[in-house]
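Data block for start-v9.txt (compact mmCIF, C-alpha atoms):
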# COMPACT_ATOMS: atom_id res chain seq x y z
CA MET S 1 24.14 -16.44 -4.52
CA THR S 2 26.71 -15.29 -1.95
CA GLU S 3 26.64 -17.41 1.17
CA PRO S 4 25.75 -15.27 4.21
CA ALA S 5 27.74 -15.17 7.39
CA VAL S 6 26.12 -16.70 10.46
CA LEU S 7 23.51 -14.22 11.63
CA ASP S 8 23.11 -13.11 15.21
CA LEU S 9 19.34 -13.37 15.10
CA SER S 10 18.82 -12.19 18.66
CA ARG S 11 20.75 -8.99 17.96
CA LEU S 12 18.94 -8.41 14.67
CA HIS S 13 15.59 -8.94 16.37
CA GLU S 14 16.32 -6.37 19.05
CA GLU S 15 17.63 -3.95 16.43
CA VAL S 16 14.63 -4.10 14.11
CA ILE S 17 12.20 -3.76 17.03
CA GLU S 18 14.08 -0.68 18.19
CA VAL S 19 14.09 0.90 14.74
CA ALA S 20 10.39 0.16 14.17
CA ARG S 21 9.45 1.63 17.56
CA ASP S 22 11.55 4.72 16.94
CA LEU S 23 9.85 5.29 13.58
CA ILE S 24 6.34 4.83 15.00
CA ARG S 25 7.07 7.36 17.75
CA LEU S 26 7.79 9.98 15.11
CA ASP S 27 4.33 11.32 14.23
CA THR S 28 4.29 11.68 10.44
CA THR S 29 0.53 11.93 9.98
CA ASN S 30 -0.31 12.93 6.43
CA ALA S 31 -3.45 15.03 6.04
CA ARG S 32 -4.41 18.05 3.96
CA GLU S 33 -3.74 20.51 6.75
CA PRO S 34 -0.77 22.85 7.29
CA GLY S 35 1.96 21.44 9.50
CA LEU S 36 1.14 17.80 8.90
CA GLY S 37 3.36 15.28 7.18
CA ASN S 38 6.74 16.06 8.72
CA GLU S 39 8.28 12.99 7.10
CA THR S 40 11.69 14.63 7.44
CA ARG S 41 11.58 13.37 11.04
CA CYS S 42 11.73 9.77 9.82
CA ALA S 43 13.98 10.53 6.85
CA ALA S 44 16.61 12.16 9.07
CA TYR S 45 16.40 9.30 11.57
CA LEU S 46 16.93 6.73 8.81
CA GLN S 47 19.79 8.72 7.30
CA GLY S 48 21.55 8.78 10.66
CA TYR S 49 20.89 5.11 11.36
CA LEU S 50 22.23 3.99 7.99
CA ALA S 51 25.25 6.31 8.22
CA ARG S 52 26.19 4.79 11.58
CA ASN S 53 26.23 1.41 9.85
CA GLY S 54 28.39 2.46 6.93
CA VAL S 55 25.72 3.25 4.33
CA ASP S 56 25.71 6.61 2.58
CA ALA S 57 22.23 8.10 2.62
CA GLU S 58 20.92 11.47 1.46
CA LEU S 59 17.83 13.54 2.06
CA ILE S 60 16.11 14.74 -1.11
CA ALA S 61 13.28 17.20 -0.58
CA ARG S 62 10.95 19.45 -2.48
CA ASP S 63 9.62 20.62 0.88
CA ARG S 64 12.21 20.71 3.68
CA ASP S 65 9.69 19.26 6.16
CA ARG S 66 8.78 16.39 3.84
CA ALA S 67 12.06 14.83 2.80
CA ASN S 68 12.69 11.49 1.13
CA VAL S 69 15.71 9.40 2.10
CA VAL S 70 17.73 7.51 -0.53
CA ALA S 71 20.65 5.20 0.22
CA ARG S 72 22.71 2.87 -1.93
CA ILE S 73 25.25 0.09 -1.62
CA ARG S 74 27.01 0.43 -4.96
CA GLY S 75 27.33 -2.64 -7.13
CA ARG S 76 30.52 -4.05 -8.58
CA SER S 77 29.27 -3.57 -12.15
CA PRO S 78 27.41 -0.48 -13.38
CA ASP S 79 25.69 -2.60 -16.03
CA ALA S 80 24.36 -5.26 -13.65
CA GLU S 81 20.72 -5.47 -12.63
CA SER S 82 19.82 -3.50 -9.50
CA LEU S 83 17.32 -3.90 -6.67
CA ALA S 84 15.47 -1.33 -4.55
CA PHE S 85 13.97 -1.79 -1.09
CA VAL S 86 11.08 0.69 -1.10
CA GLY S 87 8.76 2.15 1.52
CA HIS S 88 6.98 5.29 2.73
CA THR S 89 7.30 7.10 6.03
CA ASP S 90 3.96 8.91 6.24
CA VAL S 91 0.90 7.48 8.00
CA VAL S 92 -2.83 8.15 7.87
CA PRO S 93 -4.62 10.15 10.61
CA CYS S 94 -5.98 8.45 13.71
CA ASP S 95 -7.99 9.28 16.81
CA ALA S 96 -6.20 8.19 19.98
CA ARG S 97 -9.55 7.80 21.78
CA ASP S 98 -10.25 4.67 19.72
CA TRP S 99 -6.98 2.89 20.54
CA THR S 100 -6.11 0.34 23.22
CA HIS S 101 -2.62 1.86 23.44
CA PRO S 102 -1.65 5.40 22.35
CA PRO S 103 -0.96 5.25 18.62
CA PHE S 104 2.44 6.97 18.74
CA GLU S 105 3.91 5.31 21.83
CA ALA S 106 4.93 2.08 20.05
CA VAL S 107 3.93 -0.16 22.95
CA VAL S 108 5.18 -3.77 22.84
CA ASP S 109 2.88 -5.85 25.01
CA ASP S 110 3.59 -9.00 27.00
CA VAL S 111 2.80 -11.35 24.10
CA GLY S 112 4.88 -9.58 21.48
CA TRP S 113 2.46 -7.24 19.72
CA LEU S 114 3.87 -3.90 18.59
CA TRP S 115 1.03 -1.37 18.62
CA GLY S 116 0.99 1.92 16.77
CA ARG S 117 0.06 3.90 13.72
CA GLY S 118 2.28 2.57 10.95
CA ALA S 119 2.93 -0.78 12.63
CA VAL S 120 1.65 -2.49 9.46
CA ASP S 121 1.35 0.41 7.00
CA MET S 122 4.27 0.57 6.77
CA LYS S 123 6.94 1.52 9.27
CA ASN S 124 7.36 -2.16 10.06
CA GLU S 125 8.58 -2.85 6.53
CA VAL S 126 10.64 0.35 6.36
CA ALA S 127 12.41 -0.72 9.55
CA ALA S 128 13.03 -4.26 8.29
CA ARG S 129 14.42 -3.01 4.98
CA ALA S 130 16.66 -0.45 6.69
CA VAL S 131 18.03 -3.06 9.10
CA ALA S 132 18.62 -5.49 6.23
CA VAL S 133 20.61 -2.85 4.33
CA ALA S 134 22.59 -2.01 7.47
CA GLU S 135 23.38 -5.67 8.12
CA LEU S 136 24.49 -6.21 4.53
CA ALA S 137 26.81 -3.21 4.78
CA ARG S 138 28.24 -4.37 8.12
CA SER S 139 28.89 -7.82 6.71
CA GLY S 140 30.86 -6.42 3.77
CA PHE S 141 28.29 -7.48 1.16
CA ARG S 142 29.35 -6.37 -2.31
CA PRO S 143 26.41 -6.71 -4.70
CA THR S 144 26.79 -7.28 -8.41
CA GLY S 145 24.47 -4.34 -9.08
CA ASP S 146 23.31 -1.43 -6.95
CA LEU S 147 21.17 -2.10 -3.89
CA TRP S 148 18.94 0.92 -3.21
CA PHE S 149 16.99 1.86 -0.10
CA ILE S 150 14.22 4.40 -0.81
CA ALA S 151 11.81 5.70 1.84
CA VAL S 152 9.54 8.46 0.59
CA ALA S 153 7.06 11.03 1.84
CA ASP S 154 3.41 11.64 0.89
CA GLU S 155 2.41 8.17 -0.28
CA GLU S 156 -0.84 8.13 1.67
CA ASP S 157 -2.22 11.25 0.00
CA GLY S 158 0.07 12.32 -2.85
CA ILE S 159 -1.57 15.67 -3.44
CA ALA S 160 1.52 17.62 -2.32
CA ASP S 161 3.63 15.78 -4.92
CA VAL S 162 6.74 15.65 -2.74
CA GLY S 163 7.23 11.90 -2.74
CA MET S 164 8.04 9.12 -5.20
CA ARG S 165 6.67 10.65 -8.40
CA TRP S 166 8.59 13.88 -7.87
CA LEU S 167 11.69 12.06 -6.62
CA LEU S 168 11.96 9.94 -9.77
CA GLU S 169 11.48 13.00 -11.95
CA GLU S 170 14.12 14.91 -10.00
CA ARG S 171 16.64 12.09 -9.79
CA THR S 172 16.94 10.27 -13.09
CA ASP S 173 19.77 8.11 -11.69
CA ILE S 174 17.27 6.23 -9.50
CA ARG S 175 16.17 3.59 -11.98
CA PRO S 176 16.24 0.15 -10.29
CA THR S 177 15.72 -2.99 -12.36
CA HIS S 178 13.74 -4.70 -9.58
CA SER S 179 12.02 -3.45 -6.44
CA ILE S 180 10.17 -4.75 -3.42
CA ASN S 181 7.55 -2.62 -1.68
CA GLU S 182 4.39 -3.05 0.39
CA GLY S 183 1.38 -5.00 -0.77
CA GLY S 184 1.73 -8.71 -0.04
CA GLY S 185 3.02 -11.38 2.30
CA GLU S 186 -0.12 -12.19 4.26
CA ARG S 187 -0.58 -15.90 4.94
CA LEU S 188 -4.04 -17.30 4.25
CA PRO S 189 -4.81 -20.72 5.79
CA LEU S 190 -7.43 -22.26 3.51
CA ALA S 191 -10.43 -24.28 4.60
CA ASP S 192 -9.07 -27.38 2.85
CA GLY S 193 -5.89 -27.40 4.96
CA ARG S 194 -3.58 -25.70 2.47
CA ALA S 195 -2.12 -22.22 2.83
CA VAL S 196 -1.37 -19.51 0.30
CA VAL S 197 0.86 -16.44 0.49
CA MET S 198 0.18 -13.60 -1.93
CA TYR S 199 2.70 -11.29 -3.57
CA ALA S 200 1.57 -8.16 -5.38
CA VAL S 201 2.45 -7.84 -9.05
CA GLY S 202 0.63 -4.54 -9.47
CA GLU S 203 -1.85 -2.03 -8.16
CA LYS S 204 -5.17 -0.73 -9.29
CA GLY S 205 -5.12 2.86 -10.50
CA THR S 206 -7.14 5.77 -9.16
CA LEU S 207 -9.76 7.96 -10.81
CA PRO S 208 -11.79 9.83 -8.18
CA PHE S 209 -14.90 11.64 -9.31
CA GLN S 210 -17.66 13.78 -7.84
CA ILE S 211 -21.42 13.39 -8.27
CA THR S 212 -23.32 16.65 -7.73
CA ALA S 213 -27.10 16.49 -7.50
CA LEU S 214 -28.73 19.59 -9.01
CA GLY S 215 -31.77 20.85 -7.13
CA GLU S 216 -33.21 24.19 -5.99
CA ALA S 217 -32.40 26.01 -2.76
CA GLY S 218 -35.09 26.71 -0.17
CA HIS S 219 -35.74 27.43 3.51
CA ALA S 220 -35.46 24.30 5.60
CA SER S 221 -38.57 25.22 7.58
CA GLN S 222 -40.63 24.47 4.46
CA PRO S 223 -39.19 21.20 3.06
CA THR S 224 -41.57 21.16 0.09
CA LEU S 225 -40.42 24.60 -1.05
CA GLY S 226 -37.52 24.29 -3.50
CA ASN S 227 -35.92 20.97 -4.35
CA ASN S 228 -33.44 19.86 -1.68
CA ALA S 229 -30.37 18.39 -3.39
CA VAL S 230 -29.38 16.28 -0.37
CA PRO S 231 -32.09 13.60 -0.70
CA MET S 232 -31.59 13.70 -4.47
CA LEU S 233 -27.93 12.85 -3.92
CA ALA S 234 -28.90 10.07 -1.50
CA ARG S 235 -31.07 8.46 -4.17
CA LEU S 236 -28.24 8.71 -6.71
CA LEU S 237 -25.72 7.10 -4.35
CA THR S 238 -27.93 4.09 -3.70
CA ARG S 239 -27.78 3.37 -7.43
CA LEU S 240 -24.05 2.67 -7.19
CA GLY S 241 -25.04 -0.46 -5.29
CA ASN S 242 -22.14 -2.24 -3.59
CA GLY S 243 -19.65 -0.38 -5.74
CA LEU S 244 -18.57 -3.43 -7.72
CA ALA S 245 -18.64 -3.79 -11.47
CA ASP S 246 -19.57 -6.94 -13.35
CA PRO S 247 -16.54 -9.26 -12.99
CA VAL S 248 -13.96 -9.34 -15.78
CA SER S 249 -11.27 -11.99 -16.05
CA THR S 250 -7.68 -10.74 -16.23
CA PRO S 251 -4.36 -12.62 -16.48
CA VAL S 252 -3.55 -11.90 -12.83
CA VAL S 253 -6.97 -13.02 -11.62
CA ARG S 254 -6.78 -16.18 -13.72
CA ALA S 255 -3.31 -17.00 -12.32
CA LEU S 256 -4.52 -16.32 -8.77
CA LEU S 257 -7.62 -18.49 -9.12
CA ARG S 258 -5.63 -21.27 -10.78
CA ALA S 259 -3.17 -21.29 -7.87
CA VAL S 260 -5.88 -21.21 -5.19
CA LEU S 261 -8.14 -23.82 -6.81
CA GLY S 262 -5.36 -26.01 -8.19
CA ARG S 263 -7.06 -26.15 -11.59
CA GLU S 264 -8.44 -24.08 -14.43
CA GLU S 265 -12.10 -23.17 -13.90
CA PRO S 266 -13.61 -21.49 -16.97
CA ASP S 267 -16.75 -20.38 -15.12
CA LEU S 268 -15.56 -17.16 -13.47
CA GLY S 269 -18.48 -16.88 -11.08
CA ARG S 270 -18.04 -20.45 -9.90
CA ALA S 271 -14.27 -19.98 -9.51
CA VAL S 272 -14.71 -16.87 -7.37
CA ALA S 273 -17.35 -18.55 -5.20
CA GLU S 274 -15.16 -21.62 -4.64
CA ALA S 275 -12.10 -19.52 -3.83
CA GLY S 276 -14.09 -17.32 -1.47
CA ALA S 277 -15.27 -20.39 0.43
CA LEU S 278 -11.63 -21.26 1.18
CA HIS S 279 -10.85 -18.03 3.07
CA ARG S 280 -13.01 -15.06 3.98
CA THR S 281 -10.35 -12.55 2.90
CA LEU S 282 -10.78 -13.78 -0.66
CA VAL S 283 -14.50 -13.00 -0.45
CA HIS S 284 -13.61 -9.29 -0.41
CA VAL S 285 -10.34 -9.26 -2.35
CA LEU S 286 -11.37 -11.18 -5.47
CA PRO S 287 -14.42 -9.09 -6.47
CA ALA S 288 -12.35 -5.91 -6.04
CA LEU S 289 -9.78 -7.25 -8.52
CA MET S 290 -12.31 -7.86 -11.30
CA GLY S 291 -13.26 -4.35 -12.32
CA PRO S 292 -13.55 -0.75 -11.15
CA THR S 293 -14.73 -0.18 -7.57
CA LEU S 294 -16.88 2.83 -6.65
CA ALA S 295 -16.97 3.86 -2.97
CA PRO S 296 -18.56 7.18 -1.92
CA THR S 297 -16.40 8.57 0.89
CA MET S 298 -16.91 12.35 1.15
CA LEU S 299 -20.09 14.47 1.23
CA TRP S 300 -20.92 18.19 0.93
CA GLY S 301 -24.28 19.90 1.19
CA SER S 302 -25.43 23.14 2.70
CA ASP S 303 -23.11 25.17 4.92
CA LYS S 304 -26.13 26.37 6.90
CA ARG S 305 -28.53 24.08 8.78
CA ASN S 306 -31.59 26.14 7.82
CA VAL S 307 -30.81 26.24 4.09
CA MET S 308 -31.74 23.38 1.79
CA PRO S 309 -28.95 23.40 -0.82
CA ALA S 310 -29.36 23.59 -4.56
CA ARG S 311 -26.29 21.39 -4.92
CA ALA S 312 -25.08 18.40 -2.92
CA THR S 313 -21.89 16.56 -3.80
CA ALA S 314 -20.35 13.19 -3.06
CA GLU S 315 -16.75 12.32 -3.86
CA VAL S 316 -16.27 8.73 -4.94
CA ASP S 317 -13.07 6.76 -4.50
CA CYS S 318 -12.73 4.86 -7.77
CA ARG S 319 -10.03 2.21 -8.28
CA ILE S 320 -9.43 0.91 -11.79
CA LEU S 321 -7.74 -2.03 -13.51
CA PRO S 322 -4.88 -1.73 -16.01
CA GLY S 323 -6.26 -0.50 -19.33
CA THR S 324 -9.37 1.19 -17.89
CA THR S 325 -9.98 4.73 -19.20
CA GLN S 326 -11.95 7.69 -17.89
CA ALA S 327 -14.47 7.13 -20.68
CA ASP S 328 -14.98 3.54 -19.47
CA VAL S 329 -15.69 4.71 -15.92
CA GLU S 330 -17.98 7.54 -17.02
CA ALA S 331 -20.05 5.20 -19.17
CA GLN S 332 -20.42 2.75 -16.28
CA VAL S 333 -21.36 5.45 -13.76
CA ARG S 334 -23.90 7.14 -16.03
CA SER S 335 -25.48 3.77 -16.76
CA LEU S 336 -25.90 3.16 -13.02
CA LEU S 337 -27.19 6.64 -12.16
CA GLY S 338 -29.85 6.86 -14.89
CA ASP S 339 -31.25 10.09 -16.31
CA ASP S 340 -34.30 10.89 -14.15
CA ILE S 341 -32.42 12.88 -11.45
CA PRO S 342 -30.37 15.88 -12.64
CA TYR S 343 -26.69 15.66 -11.73
CA GLU S 344 -23.23 16.44 -13.03
CA LEU S 345 -19.99 14.47 -12.94
CA THR S 346 -16.65 16.17 -12.33
CA TRP S 347 -13.12 14.80 -12.07
CA PRO S 348 -11.10 16.53 -9.31
CA GLU S 349 -7.86 14.73 -10.12
CA PRO S 350 -6.39 13.26 -13.30
CA ILE S 351 -6.34 9.53 -13.80
CA THR S 352 -3.48 7.56 -12.25
CA PRO S 353 -3.33 4.50 -14.49
CA ALA S 354 -3.04 1.05 -13.01
CA SER S 355 0.06 -0.97 -13.77
CA SER S 356 1.53 -4.40 -13.16
CA SER S 357 4.72 -6.39 -13.49
CA PRO S 358 5.13 -9.92 -14.86
CA VAL S 359 3.61 -12.69 -12.76
CA ASP S 360 6.91 -14.56 -13.05
CA GLY S 361 10.43 -13.20 -12.78
CA PRO S 362 13.47 -13.04 -10.48
CA VAL S 363 11.65 -11.48 -7.53
CA PRO S 364 8.64 -13.87 -7.52
CA ARG S 365 11.03 -16.80 -7.87
CA ALA S 366 13.13 -15.50 -4.97
CA ILE S 367 10.01 -15.18 -2.79
CA ALA S 368 9.07 -18.79 -3.49
CA ALA S 369 12.65 -19.95 -2.90
CA PHE S 370 12.82 -18.19 0.47
CA LEU S 371 9.59 -19.80 1.67
CA ALA S 372 10.73 -23.20 0.43
CA ALA S 373 14.05 -22.83 2.27
CA GLU S 374 12.06 -22.01 5.39
CA GLY S 375 10.17 -25.27 5.04
CA ASP S 376 6.97 -23.32 4.47
CA PRO S 377 4.52 -25.42 2.42
CA ALA S 378 2.37 -22.45 1.39
CA THR S 379 1.61 -21.88 -2.28
CA VAL S 380 2.81 -18.50 -3.52
CA ILE S 381 0.15 -16.70 -5.57
CA PRO S 382 0.12 -13.42 -7.52
CA GLY S 383 -2.34 -10.64 -6.84
CA LEU S 384 -3.08 -6.98 -7.44
CA CYS S 385 -3.20 -4.47 -4.61
CA THR S 386 -6.69 -3.03 -4.40
CA GLY S 387 -5.11 0.16 -3.05
CA PHE S 388 -2.36 2.31 -4.54
CA THR S 389 1.38 2.07 -3.92
CA ASP S 390 4.43 3.93 -5.18
CA SER S 391 5.43 0.86 -7.21
CA ASN S 392 3.22 2.37 -9.90
CA TYR S 393 5.62 5.31 -10.29
CA LEU S 394 8.66 3.02 -10.44
CA ARG S 395 7.15 1.07 -13.31
CA ALA S 396 6.22 4.25 -15.17
CA ALA S 397 9.56 6.03 -14.74
CA ALA S 398 12.04 3.18 -14.90
CA GLY S 399 10.25 0.13 -16.24
CA THR S 400 11.05 -1.45 -12.88
CA ALA S 401 9.80 -4.96 -12.22
CA ALA S 402 8.09 -3.81 -9.04
CA TYR S 403 6.47 -6.15 -6.52
CA GLY S 404 4.92 -6.01 -3.08
CA PHE S 405 5.91 -8.50 -0.40
CA SER S 406 6.96 -8.75 3.23
CA PRO S 407 6.30 -12.07 4.97
CA PHE S 408 3.86 -12.39 7.86
CA ARG S 409 3.67 -15.59 9.84
CA ALA S 410 2.84 -14.59 13.43
CA THR S 411 0.39 -11.82 12.48
CA PRO S 412 -2.89 -13.25 11.14
CA THR S 413 -4.45 -11.70 8.06
CA GLU S 414 -7.50 -10.75 10.11
CA VAL S 415 -5.35 -8.60 12.41
CA ILE S 416 -3.62 -6.96 9.44
CA ASP S 417 -6.89 -6.20 7.65
CA ALA S 418 -8.52 -4.85 10.81
CA GLY S 419 -5.63 -2.53 11.62
CA VAL S 420 -4.63 -0.93 8.33
CA HIS S 421 -6.01 2.66 8.34
CA ASN S 422 -7.97 1.69 11.46
CA ALA S 423 -7.57 1.78 15.23
CA ASP S 424 -5.35 -0.71 17.08
CA GLU S 425 -2.97 -1.27 14.18
CA ARG S 426 -0.37 -3.80 15.30
CA VAL S 427 2.16 -6.37 14.15
CA HIS S 428 3.82 -9.23 15.97
CA VAL S 429 7.50 -8.54 16.58
CA ASP S 430 8.48 -11.98 15.27
CA ASP S 431 7.40 -10.84 11.82
CA LEU S 432 9.82 -7.94 11.97
CA LEU S 433 12.74 -10.37 12.19
CA LEU S 434 11.22 -12.63 9.54
CA SER S 435 11.04 -9.63 7.20
CA VAL S 436 14.69 -8.71 7.84
CA ARG S 437 15.73 -12.27 7.05
CA PHE S 438 13.67 -12.27 3.85
CA HIS S 439 15.22 -9.05 2.60
CA LEU S 440 18.73 -10.29 3.36
CA ASP S 441 17.93 -13.42 1.38
CA LEU S 442 16.38 -11.46 -1.51
CA ALA S 443 19.42 -9.20 -1.89
CA ARG S 444 21.79 -12.14 -1.91
CA ARG S 445 19.71 -14.14 -4.40
CA LEU S 446 19.36 -11.26 -6.87
CA LEU S 447 22.65 -9.42 -6.36
CA GLY S 448 24.96 -11.96 -4.69

Will you turn the file into structure tokens for me?
Amino acid sequence: MTEPAVLDLSRLHEEVIEVARDLIRLDTTNAREPGLGNETRCAAYLQGYLARNGVDAELIARDRDRANVVARIRGRSPDAESLAFVGHTDVVPCDARDWTHPPFEAVVDDVGWLWGRGAVDMKNEVAARAVAVAELARSGFRPTGDLWFIAVADEEDGIADVGMRWLLEERTDIRPTHSINEGGGERLPLADGRAVVMYAVGEKGTLPFQITALGEAGHASQPTLGNNAVPMLARLLTRLGNGLADPVSTPVVRALLRAVLGREEPDLGRAVAEAGALHRTLVHVLPALMGPTLAPTMLWGSDKRNVMPARATAEVDCRILPGTTQADVEAQVRSLLGDDIPYELTWPEPITPASSSPVDGPVPRAIAAFLAAEGDPATVIPGLCTGFTDSNYLRAAAGTAAYGFSPFRATPTEVIDAGVHNADERVHVDDLLLSVRFHLDLARRLLG
């Protein structure tokens, strides 16, 4: 590992705050409406910032308004292992009426909170990774293998196919050995006095489906005439219950539970209950990692108030574990719905399989080493992201050992969980500097 020069932490802190605020102020809301996305705003900003710091960066776009930015510090050996710092520049929609501070003003308050859409998901991490790459370039860092910086469009939706999947298909030279992306780093103080920090080794896949209740149309002034599909659909949806399947043990879950409990517990139900009692976040995370989840999120019925529809549809967000097939999900759903109410199942999008990387490896070891060097006594534990990230595409295209991690110490997990895809998203500015320092350390440990 190459020894770093003495860092000017005050300068780096100011720099990463400035970059994060600039990115948040660029509205890159991703929604299925014309004129939204505009990730080229952030991509061009990042290209210019990196260029000013001696890093060649290029814009690669399928849609000129939705560009990806790719930069590289070339390694000394073309055969050496490489590392990619990965992120996305789009954000989910928000309603400014629900926010304490306007979501695209990037307010930093008197106690150090940076407020704004993308403050946690994930312009904070994009900023930290960009600043780390810039600092490495300024310091004359010459890695053994290539160090990539990749910030892509359309991660939050993906339907336009202008982001990571397309980029890796278009540019077959982008094939990093290792990568670090979103999906971990939250610090969980446990009820027994210990603390754990999770890193993501993989993500659940996606397999959305639609349930359409089949009734008979009628005039709404005579509710008993016809067979209104809306209440039929309501009865079907209640049969999905809480959207959780019967728990199944997996290698990642077993490793996570072993790390949290400090022992092997063969009784899965007991292990989950004990772990959940140690931190309330685990109450929600663990069950979601033990099988498919089924969450109805979108509804359609009649397009006229006075017409009872013959068809009413719900779209269900379904997240699946590695190895789960469409046939597995269909069998589970049909078992839950029964056969006494007529309905049909349709699949609006093809399956995106889940994937994962090894629980151990150079990146997990580097994460643990960084925390140990910081004097942080937390236990590092593996986990799966319950949501989707672009790491999935890196594994599929390049066989990349792809992980999710950016350390949080000043931002509690409760604040992170409450803000992601919600109002009042915020991060403490001290965690921006901590993330820069981690990424500097990671690059030097793997490529120094």

message: So that I can see what lies close to S:Glu182, please list as JSON, numbers by chain the residues with an atom at most 10 Å from it, counting all atoms listed in the file and leaving out residues fewer than 4 positions away in the same chain.
response: {"S": [85, 86, 87, 88, 120, 121, 122, 125, 126, 199, 200, 385, 388, 389, 390, 391, 403, 404, 405, 406]}

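Reported to one decimal place, the separation of atom CA of S:Val131 from atom CA of S:Leu114 is 17.1 Å.
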
message: At a cut-off of 12 Å, using all atoms listed in the file, what residues contact S:Leu168? Leave out same-chain residues fewer than 3 positions from it and give the result as a PyMOL selection string.
response: chain S and resi 60-61+68+70+150+152+161-165+171-176+390-400

- prompt: What lies within 9 Å of stretch 54-56 of chain S using only C-alpha atoms, ignoring chain neighbours under 4 positions off, as a list in words?
  reply: Gln47, Tyr49, Leu50, Val70, Ala71, Arg72, Ile73, Val133, Ala134, Ala137 and Arg138 of chain S

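Minimum atom-to-atom distance to S:Leu299, evaluated using only C-alpha atoms, belongs to S:Val230 out of S:Ala160, S:Val230, S:Val329, S:Val260.
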
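Shortest atom-to-atom contact with S:Ile320 among S:Leu207, S:Thr346, S:Asn422, S:Thr224: S:Leu207, counting all atoms listed in the file.
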